[in-house]
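First the structure, in the form of structure tokens, and then the observations on it.
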Amino acid sequence: MPAPIQVEAIGEHHLYLVLSSAEKLKEHNIAILKSLISGGYQVVVITTNQPAAVLEKLYASRGIDLSRIFFIDAITRYAIGKASGITQNCRFINSPSNLTDLGIAITEVLNRRSAGKACLLFDSISTMLIYIPSINISKFIHFITSKLRLVDATGVFLAVEKGLDPLLLTQLTTYVDIVIDMDAPVSQPGSPGKEVPGPL
Amino acid sequence: MEKKPTEGMKLAILVALAILCIGLEIGIHLFARTAVGYTHIFYLLLVLAGIWYHRLAVWVAVALAAATIPTSLYVGDFGWATLLRGSMFIVVAYVVGTLSAERDRGREQLLQQKQEIEEKHAALIGYISEVALRLKNPVAILRDNLAGIIASLGKDNPDLESARMELTVQVSHADQILVNLQELNKAVVECHEDIPQAYREFLNR
């Protein structure tokens with residue numbers, strides 16, 4: 001699978017909304033992560049769909065350098081009750097609906113980062129919809145994107161296409177710089193998906 | 001679509017009719033000394049005033065009666081017919097004004113009820129679409145996650161611990177989806193009072 005985000009272009013566009021079909025979401029997550037790490041980014045993965053321990057094993061099995069990844073895991077404590085089998089590079093949140101703690105964790109991780117390039121990979125907005133009303137998700141993503149712009153960090157927000165209602169999608173589109181539809185027909189060889197220009 | 005006259009148009013029509021009525025009173029009654037026929041025009045003014053300004057039309061009727069009676073006294077044709085005519089102005093203005101006020105109040109209530117129903121309906125539609133958003137897509141994610149777990153278990157050396165954790169997460173997703181569905185049922189039941197009690201209990205269960 002080709003890298004879905006051109007790393008060279010990340011300097012131009014800081015915030016991405018990546019739309020994908022549900023069955024390919026995991027693969028796109030891995031492809032984007034590989035792309036970011038090969039571009040020298042420190043990546044903060046926010047996971048609400050799979051435990052960080054599982055993701056860590058998955059990334060390791062795909063040859064991804066785990067030292068460049070920090071996890072914010074909002075599902076393990078909520079679903080499993082205890083956090084186990086994970087390295088120190090992880091911070092656990094009690095519930096995906098606890099946006100206050102999630103916001104604090106993101107802020108702290110972004111503020112604590114070293115001088116290198118940082119990117120936040122949010123997996124995924126669609127899973128958050130199970131736990132939180134769309135209006136709150138919209139406000140939260142707006143908060144995160146504002147924070148990312150302030151600290152000049154990159155953000156990639158994954159969502160399942162066709163799963164977002166038009167109003168929420170419009171709101172999210174206004175928060176990011178570029179919307180990438182991973183399942184749109186490929187126009188050029190090697191092109192990862194169709195870029196739908198955002199508001200900028 | 002029905003075009004309603006503006007307040008300015010209404011006032012202009014009533015003032016024009018009032019001038020016409022006074023003109024008729026002076027021209028026909030005072031100078032031509034005829035007290036028959038011309039007062040029918042007065043009812044046009046009274047009915048329109050009653051429809052548009054309800055019981056305020058009674059004051060217009062009193063003014064017209066007050067104009068007619070002194071003229072009759074001056075002309076010398078004052079009698080029971082003059083008094084009856086003046087009284088009828090007031091009665092007609094009162095009846096038309098009262099009926100118009102009732103009709104307008106009923107119309108306003110109807111519009112208010114319609115607006116309330118539309119607002120309630122819009123809120124319900126919004127709620128249903130929100131819950132559908134929180135059901136449809138998550139179920140697809142759940143299905144694909146489960147398919148992924150099944151696929152991982154089919155490998156040579158499956159990671160059972162990871163599979164167990166992933167399955168636990170999917171159960172938690174499913175629990176929350178169920179809660180969302182119950183919320184939807186509850187909202188639908190609360191919005192539709194005509195749903196039989198047995199179905200209400202079933203949907204709220």
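Lettering and numbering for the structure tokens are positional, with chains as A, B, ... in the shown order, residues counted from 1 in each chain, and ligands counted from 1 in the shown order.
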task: Would you kindly report the residues of chain B within 12 Å of chain A, using only C-alpha atoms, as JSON, numbers by chain?
output: {"B": [126, 127, 128, 129, 130, 131, 132, 133, 134, 135, 136, 137, 138, 139, 140, 141, 142, 143, 144, 145, 146, 147, 148, 149, 152, 159, 160, 161, 162, 163, 164, 165, 166, 167, 168, 169, 170, 171, 172, 173, 174, 175, 176, 177, 178, 179, 180, 181]}
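Residues in contact with B:Ala93 at up to 12 Å, not including ones fewer than 6 positions away on its chain and judged by only C-alpha atoms, are B:Phe42, B:Tyr43, B:Leu44, B:Leu45, B:Leu46, B:Val47, B:Leu48, B:Ala49, B:Gly50, B:Ile51, B:Trp52, B:Tyr53, B:His54, B:Arg55, B:Leu56, B:Ala57, B:Val58, B:Trp59, B:Val60, B:Ala61, B:Val62, B:Ala63, B:Leu64, B:Ala65, B:Gly86, B:Ser87, B:Leu99, B:Ser100, B:Ala101.
Residue nearest A:Tyr41 within the list A:Ala115, A:Ile125, A:Met182, A:Val109: A:Ala115 [criterion: smallest interatomic distance, only C-alpha atoms].
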Could you produce a table of the residues of stretch 42-147 of chain A lying within 12 Å of stretch 16-20 of chain A, with the nearest pair of atoms per residue and their separation in Å rounded to one decimal, using only C-alpha atoms, ordered by chain and increasing residue number, as a tab-separated table?
```
residue	atom	partner	partner_atom	distance
A:Cys119	CA	A:Tyr16	CA	10.7
A:Leu120	CA	A:Tyr16	CA	10.3
A:Leu121	CA	A:Tyr16	CA	9.6
A:Phe122	CA	A:Leu17	CA	9.5
A:Asp123	CA	A:Val18	CA	10.1
A:Ser124	CA	A:Val18	CA	9.8
A:Ile125	CA	A:Leu17	CA	9.7
A:Ser126	CA	A:Leu19	CA	10.0
A:Ile141	CA	A:Leu17	CA	10.7
A:Thr145	CA	A:Tyr16	CA	9.8
```
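The protein and nucleic acid residues lying at most 12 Å from stretch 70-84 of chain B are Ile22, Leu24, Glu25, Ile26, Gly27, Ile28, His29, Leu30, Phe31, Ala32, Arg33, Thr34, Ala35, Val36, Thr39, Val62, Ala63, Leu64, Ala65, Ala66, Met88, Phe89, Ile90, Val91 and Val92 of chain B, with only C-alpha atoms considered and sequence neighbours fewer than 4 positions away removed.
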task: Would you mind listing what lies within 12 Å of A:Lys117 as a PyMOL selection string, with only C-alpha atoms counted and same-chain residues fewer than 2 positions away left out?
output: chain A and resi 7+10-11+14+36-44+68+110+113-115+119-120+148+151-155
Residue subset to file, keeping C-alpha atoms, as a compact mmCIF listing (two decimals), in the first residue's frame:
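For reference, result.txt as written:
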```txt
# COMPACT_ATOMS: atom_id res chain seq x y z
CA VAL A 7 5.62 13.65 3.90
CA ILE A 10 3.22 18.06 5.42
CA GLY A 11 5.06 21.34 5.87
CA HIS A 14 -0.52 20.81 8.85
CA LEU A 36 5.31 9.97 9.23
CA ILE A 37 8.11 8.09 10.96
CA SER A 38 10.13 7.85 7.78
CA GLY A 39 9.70 11.63 7.55
CA GLY A 40 11.35 12.07 10.96
CA TYR A 41 8.23 12.73 12.99
CA GLN A 42 7.59 11.87 16.61
CA VAL A 43 4.06 10.51 16.51
CA VAL A 44 1.46 10.66 19.28
CA ARG A 68 9.23 7.37 17.93
CA LEU A 110 2.54 18.17 22.96
CA ARG A 113 7.84 17.02 23.17
CA SER A 114 11.42 17.59 22.22
CA ALA A 115 12.54 19.98 19.52
CA CYS A 119 2.48 14.68 14.70
CA LEU A 120 -0.73 13.60 16.36
CA LEU A 148 -1.85 21.75 17.11
CA VAL A 151 2.44 24.46 18.78
CA ASP A 152 3.02 24.12 15.03
CA ALA A 153 2.50 20.36 15.06
CA THR A 154 0.92 18.15 12.44
CA GLY A 155 -2.36 16.35 12.97
```
statement: Separating atom CA of A:Asn89 from atom CA of A:Ile69, to the nearest tenth of an Å, is a gap of 7.2 Å
